[in-house]
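J.: Handing you this structure, nothing more for now.
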Amino acid sequence: MGIKTALSQIESRCLWSETPYGRYPTKGGDGGDDALWLGLLSSVGYPTAFGMLMECQAAPGESKAGMFYRNPNRRSNDNDGYVHYFSRDMAMGVLLGLSIWDVAEDTKWPHAYQWMQYIDKSRPCLQKKPKWLGGGCLVRSPIYKFAPDDRSDITPSLWALIGRVWVSNGWSQTREMKAADGMDGDWGILEAQNCPLGYILHLHALEGYLKHILRQSAEYRQRMLDICFDRQPGNLFYKILKQCAATDEDVVKYLEIVDLWDGPKYNWLWLSSNIERAIYEGDACGWDLVFLGRLILKLRGEL
C-alpha cells in the first residue's frame with residue numbers, strides 16, 4: 001500500500017464538524033485546538049483547511065470583528081462571558097495558514113489586516129478617564145492580546161514570528177513587530193532544551209516548521225529541529241523536519257504507523273510525550289496521519 005492509498009483510507013474514517021460556515025476537519029473532543037490543526041493541514045494544501053481556518057475569524061460587523069476563535073463553532077456560539085476564545089498556541093495555526101505560498105496574497109491580506117486591527121484595540125484599559133473628562137481610557141496596558149483570554153498575551157517572541165510572516169508576504173510591519181525583530185532565537189532554543197516533552201516541545205517544532213515554510217532563520221531553525229528530534233527520536237514528524245526531507249525509510253515507517261491505527265481518537269499523535277507508546281496504541285485522530293502523509297508527499301515532490 002502506498003501513501004496516497006493510505007491517505008484515502010484514513011480520510012474516510014476521520015471526524016468532521018458541521019458549522020454555519022461549512023464543514024471542517026476536527027480532532028474531536030471539544031475542538032479547542034482545531035485552529036492549530038487547520039493551520040497545519042493548510043500548510044500541506046489540504047482542501048478546505050485554509051478557508052475553514054479563516055472562518056475561525058469574526059467578520060466585520062460581528063462583536064469581536066477580526067478576532068480569531070479556536071474553531072468556527074466557537075465563533076458561531078460566542079458568549080461574552082466565555083474565557084477560552086483563543087490562545088498563543090492557536091496563533092501558530094493562523095500564522096501557518098498565512099504563510100503558505102499557494103494562497104494568493106490578496107486572499108490572505110484582508111484576514112491579516114483585520115486581525116491586526118483587532119489586536120491593536122485589544123490592550124486592556126488600566127485607568128479610565130473620569131466622566132467629567134469625557135470618559136474612555138486614559139492608560140492602556142503595554143501588552144497586546146489575541147483575545148480576551150488570560151493565555152492570549154502576545155509575547156515579544158510571538159511578535160517576532162508575526163513579523164516574519166508579514167515580511168514574507170510583503171506586508172508592512174507594525175512598530176511592535178519591528179521592535180521584537182530577532183527575539184525568537186536564543187530564548188526559544190533554551191526553552192526547547194528544557195521544556196517538558198509533549199505539547200510545549202511540539203510548539204517549538206512548529207516554530208521551526210514555520211521558519212522552514214518562510215525560508216527564514218535557517219541556523220536557529222535547524223538548531224531547534226535538531227533539539228526536538230534529539231529529545232524525541234521516535235517522533236517521525238520531528239525526524240522529517242530535522243532532515244527537511246522524507247526518505248524511503250521514513251515512508252516505510254509512516255505506513256507501519258498507519259497500520260497500527262484503528263480509528264479516530266481525540267489526540268494529535270505528534271505531540272505525545274510518550275510517542276512510541278502512542279504509536280503502538282494507534283493513539284491518533286487520523287488528521288495527524290493525513291498531515292504527515294501529505295507533508296511526506298510534498299517533500300518528495302509527489303503532492
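Residues are referred to by chain and number: the chain letter is A, B, ... according to the order shown in the C-alpha cells, the number counts from 1 in that chain, and ligands are numbered separately from 1 in the order shown.
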Please identify all polymer residues within 12 Å of Thr5 in chain A, counting only C-alpha atoms, omitting same-chain residues fewer than 4 positions from it, and present them as number ranges by chain.
T.: A: 1, 9-12, 255, 258, 290, 293-294
J.: Output the selection as a PDB file, in the first residue's frame - N, CA and C atoms for each residue.
T.:
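File written: selection17.pdb
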```
ATOM      1  N   MET A   1       0.843  -1.199   0.000  1.00  0.00           N
ATOM      2  CA  MET A   1       0.000   0.000   0.000  1.00  0.00           C
ATOM      3  C   MET A   1       0.878   1.248   0.000  1.00  0.00           C
ATOM      4  N   GLN A   9      -7.817   6.006   2.645  1.00  0.00           N
ATOM      5  CA  GLN A   9      -8.463   5.164   3.646  1.00  0.00           C
ATOM      6  C   GLN A   9      -8.588   5.877   4.982  1.00  0.00           C
ATOM      7  N   ILE A  10      -7.553   6.615   5.369  1.00  0.00           N
ATOM      8  CA  ILE A  10      -7.586   7.338   6.645  1.00  0.00           C
ATOM      9  C   ILE A  10      -8.665   8.415   6.614  1.00  0.00           C
ATOM     10  N   GLU A  11      -8.691   9.216   5.545  1.00  0.00           N
ATOM     11  CA  GLU A  11      -9.641  10.316   5.459  1.00  0.00           C
ATOM     12  C   GLU A  11     -11.082   9.837   5.569  1.00  0.00           C
ATOM     13  N   SER A  12     -11.365   8.657   5.046  1.00  0.00           N
ATOM     14  CA  SER A  12     -12.732   8.143   5.074  1.00  0.00           C
ATOM     15  C   SER A  12     -13.212   7.845   6.493  1.00  0.00           C
ATOM     16  N   LEU A 255       3.984   4.101   6.989  1.00  0.00           N
ATOM     17  CA  LEU A 255       2.977   3.082   6.681  1.00  0.00           C
ATOM     18  C   LEU A 255       2.827   2.084   7.821  1.00  0.00           C
ATOM     19  N   VAL A 258       0.568   3.818  10.266  1.00  0.00           N
ATOM     20  CA  VAL A 258      -0.806   3.788   9.766  1.00  0.00           C
ATOM     21  C   VAL A 258      -1.442   2.428  10.028  1.00  0.00           C
ATOM     22  N   VAL A 290      -2.982  12.186   8.207  1.00  0.00           N
ATOM     23  CA  VAL A 290      -3.187  12.851   6.917  1.00  0.00           C
ATOM     24  C   VAL A 290      -2.149  13.960   6.732  1.00  0.00           C
ATOM     25  N   GLY A 293       1.355  12.417   6.165  1.00  0.00           N
ATOM     26  CA  GLY A 293       1.406  11.768   4.859  1.00  0.00           C
ATOM     27  C   GLY A 293       1.511  12.774   3.732  1.00  0.00           C
ATOM     28  N   ARG A 294       0.743  13.846   3.819  1.00  0.00           N
ATOM     29  CA  ARG A 294       0.800  14.877   2.792  1.00  0.00           C
ATOM     30  C   ARG A 294       2.120  15.650   2.852  1.00  0.00           C
TER      31      ARG A 294
END
```
J.: As a ChimeraX atom specification, please: the residues near Gly286 in chain A (cut-off 12 Å, only C-alpha atoms, same-chain neighbours under 4 positions excluded).
T.: /A:6-16,25-28,37,41,257-270,279,282,290-293
J.: If you keep C-alpha atoms, can you produce a file of those selected residues as a PDB file, in the first residue's frame?
T.:
```pdb
ATOM      1  CA  ALA A   6      -3.329   5.065   2.847  1.00  0.00           C
ATOM      2  CA  LEU A   7      -4.430   8.703   2.911  1.00  0.00           C
ATOM      3  CA  SER A   8      -7.664   7.888   1.115  1.00  0.00           C
ATOM      4  CA  GLN A   9      -8.463   5.164   3.646  1.00  0.00           C
ATOM      5  CA  ILE A  10      -7.586   7.338   6.645  1.00  0.00           C
ATOM      6  CA  GLU A  11      -9.641  10.316   5.459  1.00  0.00           C
ATOM      7  CA  SER A  12     -12.732   8.143   5.074  1.00  0.00           C
ATOM      8  CA  ARG A  13     -12.633   7.464   8.830  1.00  0.00           C
ATOM      9  CA  CYS A  14     -11.675  10.900  10.192  1.00  0.00           C
ATOM     10  CA  LEU A  15     -14.018  13.200  12.116  1.00  0.00           C
ATOM     11  CA  TRP A  16     -15.662  16.312  10.707  1.00  0.00           C
ATOM     12  CA  PRO A  25     -11.768  18.569   9.754  1.00  0.00           C
ATOM     13  CA  THR A  26     -11.727  18.259  13.548  1.00  0.00           C
ATOM     14  CA  LYS A  27      -9.557  16.419  16.029  1.00  0.00           C
ATOM     15  CA  GLY A  28     -12.715  15.805  18.026  1.00  0.00           C
ATOM     16  CA  TRP A  37      -4.713  21.655  13.223  1.00  0.00           C
ATOM     17  CA  LEU A  41      -3.470  20.989   7.264  1.00  0.00           C
ATOM     18  CA  ILE A 257       2.308   3.659  11.949  1.00  0.00           C
ATOM     19  CA  VAL A 258      -0.806   3.788   9.766  1.00  0.00           C
ATOM     20  CA  ASP A 259      -1.217   0.007  10.049  1.00  0.00           C
ATOM     21  CA  LEU A 260      -1.393   0.341  13.844  1.00  0.00           C
ATOM     22  CA  TRP A 261      -4.162   2.934  13.707  1.00  0.00           C
ATOM     23  CA  ASP A 262      -7.606   1.512  14.466  1.00  0.00           C
ATOM     24  CA  GLY A 263      -9.797   4.610  14.191  1.00  0.00           C
ATOM     25  CA  PRO A 264     -10.133   8.179  15.474  1.00  0.00           C
ATOM     26  CA  LYS A 265      -9.015   9.102  18.994  1.00  0.00           C
ATOM     27  CA  TYR A 266      -9.216  12.654  20.383  1.00  0.00           C
ATOM     28  CA  ASN A 267      -5.447  13.121  20.138  1.00  0.00           C
ATOM     29  CA  TRP A 268      -2.873  14.667  17.825  1.00  0.00           C
ATOM     30  CA  LEU A 269      -0.247  11.929  17.676  1.00  0.00           C
ATOM     31  CA  TRP A 270       2.852  14.066  17.070  1.00  0.00           C
ATOM     32  CA  ILE A 279       2.119   4.946  18.014  1.00  0.00           C
ATOM     33  CA  GLY A 282      -2.832   3.844  17.499  1.00  0.00           C
ATOM     34  CA  VAL A 290      -3.187  12.851   6.917  1.00  0.00           C
ATOM     35  CA  PHE A 291      -0.996  15.855   7.701  1.00  0.00           C
ATOM     36  CA  LEU A 292       2.245  13.873   7.906  1.00  0.00           C
ATOM     37  CA  GLY A 293       1.406  11.768   4.859  1.00  0.00           C
TER      38      GLY A 293
END
```
J.: Counting only C-alpha atoms, figure out which residue out of A:Glu256, A:Asp33, A:Glu276, A:Asp283 gets nearest to Pro233 in chain A.
T.: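 Counting only C-alpha atoms, the residue closest to Pro233 in chain A is A:Glu276.
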J.: Could you pull out the alpha helix (DSSP H) residues of range 114-272 of chain A from DSSP and send them as a ChimeraX atom specification?
T.: /A:114-120,156-169,175-179,186-194,199-214,218-231,236-243,248-260
J.: Write a file of the just-selected residues containing C-alpha atoms, as an mmCIF file, in the first residue's frame.
T.:
```cif
data_model
loop_
_atom_site.group_PDB
_atom_site.id
_atom_site.type_symbol
_atom_site.label_atom_id
_atom_site.label_comp_id
_atom_site.auth_asym_id
_atom_site.auth_seq_id
_atom_site.Cartn_x
_atom_site.Cartn_y
_atom_site.Cartn_z
ATOM 1 C CA GLN A 114 -8.495 42.651 10.286
ATOM 2 C CA TRP A 115 -6.553 40.525 12.794
ATOM 3 C CA MET A 116 -4.081 43.355 13.418
ATOM 4 C CA GLN A 117 -6.941 45.835 13.651
ATOM 5 C CA TYR A 118 -8.463 43.753 16.442
ATOM 6 C CA ILE A 119 -5.107 43.269 18.199
ATOM 7 C CA ASP A 120 -4.372 46.998 18.045
ATOM 8 C CA PRO A 156 7.996 39.522 22.128
ATOM 9 C CA SER A 157 8.938 36.171 20.534
ATOM 10 C CA LEU A 158 5.450 35.900 19.047
ATOM 11 C CA TRP A 159 5.635 39.458 17.719
ATOM 12 C CA ALA A 160 8.918 38.415 16.064
ATOM 13 C CA LEU A 161 7.238 35.407 14.415
ATOM 14 C CA ILE A 162 4.300 37.524 13.279
ATOM 15 C CA GLY A 163 6.797 39.986 11.812
ATOM 16 C CA ARG A 164 8.443 37.187 9.847
ATOM 17 C CA VAL A 165 5.103 36.224 8.304
ATOM 18 C CA TRP A 166 4.402 39.855 7.401
ATOM 19 C CA VAL A 167 7.839 40.245 5.781
ATOM 20 C CA SER A 168 7.396 37.003 3.838
ATOM 21 C CA ASN A 169 4.105 38.257 2.413
ATOM 22 C CA ARG A 175 6.021 49.057 15.334
ATOM 23 C CA GLU A 176 5.651 46.070 17.692
ATOM 24 C CA MET A 177 6.902 43.619 15.062
ATOM 25 C CA LYS A 178 9.934 45.760 14.294
ATOM 26 C CA ALA A 179 10.769 46.212 17.985
ATOM 27 C CA ASP A 186 18.115 32.156 21.830
ATOM 28 C CA TRP A 187 15.253 32.119 24.314
ATOM 29 C CA GLY A 188 13.322 29.588 22.221
ATOM 30 C CA ILE A 189 16.381 27.353 21.886
ATOM 31 C CA LEU A 190 16.877 27.370 25.654
ATOM 32 C CA GLU A 191 13.253 26.522 26.341
ATOM 33 C CA ALA A 192 13.221 23.710 23.749
ATOM 34 C CA GLN A 193 16.217 22.159 25.508
ATOM 35 C CA ASN A 194 14.496 22.174 28.902
ATOM 36 C CA TYR A 199 2.727 19.859 23.757
ATOM 37 C CA ILE A 200 5.349 22.538 24.512
ATOM 38 C CA LEU A 201 8.115 20.734 22.627
ATOM 39 C CA HIS A 202 5.683 20.239 19.748
ATOM 40 C CA LEU A 203 5.114 24.001 19.583
ATOM 41 C CA HIS A 204 8.864 24.583 19.302
ATOM 42 C CA ALA A 205 8.966 22.076 16.450
ATOM 43 C CA LEU A 206 6.164 24.020 14.773
ATOM 44 C CA GLU A 207 8.177 27.222 15.145
ATOM 45 C CA GLY A 208 10.954 25.502 13.212
ATOM 46 C CA TYR A 209 8.425 24.265 10.661
ATOM 47 C CA LEU A 210 7.016 27.778 10.218
ATOM 48 C CA LYS A 211 10.502 29.174 9.601
ATOM 49 C CA HIS A 212 11.107 26.378 7.086
ATOM 50 C CA ILE A 213 7.984 27.432 5.178
ATOM 51 C CA LEU A 214 9.065 31.082 5.340
ATOM 52 C CA ALA A 218 17.969 28.842 8.852
ATOM 53 C CA GLU A 219 20.543 28.486 11.642
ATOM 54 C CA TYR A 220 18.110 28.839 14.556
ATOM 55 C CA ARG A 221 15.528 26.745 12.730
ATOM 56 C CA GLN A 222 17.955 23.847 12.328
ATOM 57 C CA ARG A 223 19.134 24.064 15.930
ATOM 58 C CA MET A 224 15.529 23.988 17.130
ATOM 59 C CA LEU A 225 14.615 20.995 14.994
ATOM 60 C CA ASP A 226 17.794 19.136 15.979
ATOM 61 C CA ILE A 227 16.850 19.596 19.635
ATOM 62 C CA CYS A 228 13.288 18.373 19.109
ATOM 63 C CA PHE A 229 14.447 15.225 17.316
ATOM 64 C CA ASP A 230 17.305 14.533 19.742
ATOM 65 C CA ARG A 231 14.853 14.715 22.635
ATOM 66 C CA LEU A 236 8.678 10.664 12.812
ATOM 67 C CA PHE A 237 7.419 14.229 12.344
ATOM 68 C CA TYR A 238 10.476 15.603 14.151
ATOM 69 C CA LYS A 239 12.778 13.337 12.129
ATOM 70 C CA ILE A 240 11.368 14.579 8.836
ATOM 71 C CA LEU A 241 11.564 18.207 9.983
ATOM 72 C CA LYS A 242 15.204 17.798 11.062
ATOM 73 C CA GLN A 243 16.086 16.305 7.677
ATOM 74 C CA ASP A 248 12.262 5.790 1.677
ATOM 75 C CA GLU A 249 12.861 4.600 5.247
ATOM 76 C CA ASP A 250 10.500 7.310 6.503
ATOM 77 C CA VAL A 251 7.801 6.176 4.074
ATOM 78 C CA VAL A 252 8.073 2.595 5.384
ATOM 79 C CA LYS A 253 7.880 3.840 8.987
ATOM 80 C CA TYR A 254 4.873 6.007 8.192
ATOM 81 C CA LEU A 255 2.977 3.082 6.681
ATOM 82 C CA GLU A 256 3.815 0.961 9.727
ATOM 83 C CA ILE A 257 2.308 3.659 11.949
ATOM 84 C CA VAL A 258 -0.806 3.788 9.766
ATOM 85 C CA ASP A 259 -1.217 0.007 10.049
ATOM 86 C CA LEU A 260 -1.393 0.341 13.844
#
```
J.: Env of Leu297 in chain A: 9 Å cut, atoms = only C-alpha atoms, seq-sep filter 4 positions within chain, self excluded. Answer as a list in words.
T.: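 Counting only the stated atoms, we get Ile3, Lys4, Ala246, Leu292, Gly293, Gly301, Glu302 and Leu303 of chain A.
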J.: Of the candidates A:Asn235, A:Gly29, A:Gly182, A:Asp34, which one gets nearest to Leu197 in chain A if we count only C-alpha atoms?
T.: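 Among the listed residues, A:Asn235 lies closest to Leu197 in chain A.
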J.: Tell me which protein, DNA and RNA residues are within 10 Å of Gly22 in chain A, counting only C-alpha atoms, leaving out same-chain ones fewer than 6 positions away, and put them as a list of chain:residue names.
T.: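 Those residues are A:Thr48, A:Gly51, A:Met52, A:Glu55, A:Pro72, A:Asn73.
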J.: Take the residues that were just selected and, keeping N, CA and C atoms, output them as a compact mmCIF listing (two decimals), in the first residue's frame.
T.:
```txt
# COMPACT_ATOMS: atom_id res chain seq x y z
N THR A 48 -10.02 22.80 1.62
CA THR A 48 -10.94 23.45 2.57
C THR A 48 -10.28 23.88 3.88
N GLY A 51 -9.60 27.78 4.08
CA GLY A 51 -10.87 28.50 4.12
C GLY A 51 -11.57 28.38 5.46
N MET A 52 -11.54 27.18 6.04
CA MET A 52 -12.20 26.99 7.32
C MET A 52 -11.38 27.58 8.46
N GLU A 55 -12.49 30.95 8.64
CA GLU A 55 -13.84 31.05 9.22
C GLU A 55 -13.80 31.04 10.74
N PRO A 72 -14.47 27.34 14.22
CA PRO A 72 -15.63 28.07 13.70
C PRO A 72 -16.87 27.94 14.58
N ASN A 73 -17.05 26.79 15.24
CA ASN A 73 -18.22 26.62 16.09
C ASN A 73 -18.21 27.59 17.27
```
J.: Could you work out how far CA of Met67 in chain A lies from CA of Arg151 in chain A, giving the answer in Å with one decimal?
T.: 14.6 Å
J.: Write out as a VMD selection string which residues come within 10 Å of Asp102 in chain A when counting only C-alpha atoms, dropping same-chain ones fewer than 6 positions away.
T.: chain A and resid 42 to 45
J.: Selection from above, N, CA and C atoms, as a PDB file, in the first residue's frame, can you write it?
T.:
```
ATOM      1  N   SER A  42      -3.573  23.263   6.385  1.00  0.00           N
ATOM      2  CA  SER A  42      -3.420  24.281   5.335  1.00  0.00           C
ATOM      3  C   SER A  42      -2.013  24.257   4.757  1.00  0.00           C
ATOM      4  N   SER A  43      -1.031  24.028   5.628  1.00  0.00           N
ATOM      5  CA  SER A  43       0.370  24.083   5.193  1.00  0.00           C
ATOM      6  C   SER A  43       0.737  22.967   4.232  1.00  0.00           C
ATOM      7  N   VAL A  44      -0.078  21.909   4.179  1.00  0.00           N
ATOM      8  CA  VAL A  44       0.183  20.812   3.231  1.00  0.00           C
ATOM      9  C   VAL A  44      -0.918  20.750   2.175  1.00  0.00           C
ATOM     10  N   GLY A  45      -1.623  21.866   2.012  1.00  0.00           N
ATOM     11  CA  GLY A  45      -2.574  22.002   0.916  1.00  0.00           C
ATOM     12  C   GLY A  45      -3.816  21.151   1.021  1.00  0.00           C
TER      13      GLY A  45
END
```
J.: Hey, can you check how far CA of Ala284 in chain A sits from CA of Pro20 in chain A?
T.: 26.9 Å
J.: List the spatial neighbours of Leu53 in chain A as a PDB file with C-alpha atoms, in the first residue's frame - criterion: any atom at most 8 Å away, only C-alpha atoms, same-chain residues fewer than 3 positions off excluded.
T.:
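See out-v1.pdb below for the written result:
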```pdb
ATOM      1  CA  ALA A  35      -7.412  26.311  14.665  1.00  0.00           C
ATOM      2  CA  LEU A  38      -6.434  23.613  10.445  1.00  0.00           C
ATOM      3  CA  GLY A  39      -3.262  25.671  10.082  1.00  0.00           C
ATOM      4  CA  ALA A  49      -8.483  23.706   5.515  1.00  0.00           C
ATOM      5  CA  PHE A  50      -7.354  27.279   4.820  1.00  0.00           C
ATOM      6  CA  CYS A  56     -12.470  30.979  12.771  1.00  0.00           C
ATOM      7  CA  GLN A  57     -12.224  34.762  12.452  1.00  0.00           C
ATOM      8  CA  ASN A  71     -12.723  26.913  15.865  1.00  0.00           C
ATOM      9  CA  PRO A  72     -15.634  28.074  13.704  1.00  0.00           C
ATOM     10  CA  VAL A  94      -3.133  31.138  11.983  1.00  0.00           C
ATOM     11  CA  GLY A  97      -2.126  29.458   7.311  1.00  0.00           C
TER      12      GLY A  97
END
```
J.: State, in Å with one decimal place, the distance from CA of Asp78 in chain A to CA of Asp30 in chain A.
T.: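 Taking CA of Asp78 in chain A and CA of Asp30 in chain A, their separation equals 14.6 Å.
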J.: Env of Lys145 in chain A: 6 Å cut, atoms = only C-alpha atoms, seq-sep filter 6 positions within chain, self excluded. Answer as a PyMOL selection string.
T.: chain A and resi 122+152-154
J.: Restrict the selected residues to N, CA and C atoms and save them as a compact mmCIF listing (two decimals), in the first residue's frame.
T.:
```
# COMPACT_ATOMS: atom_id res chain seq x y z
N SER A 122 -6.82 45.71 21.42
CA SER A 122 -7.05 44.68 22.42
C SER A 122 -6.44 44.95 23.79
N SER A 152 -3.67 34.66 26.29
CA SER A 152 -3.54 35.15 24.91
C SER A 152 -2.65 36.38 24.78
N ASP A 153 -1.84 36.68 25.81
CA ASP A 153 -0.92 37.81 25.70
C ASP A 153 0.10 37.55 24.59
N ILE A 154 0.42 38.58 23.84
CA ILE A 154 1.38 38.43 22.74
C ILE A 154 2.77 38.75 23.26
```
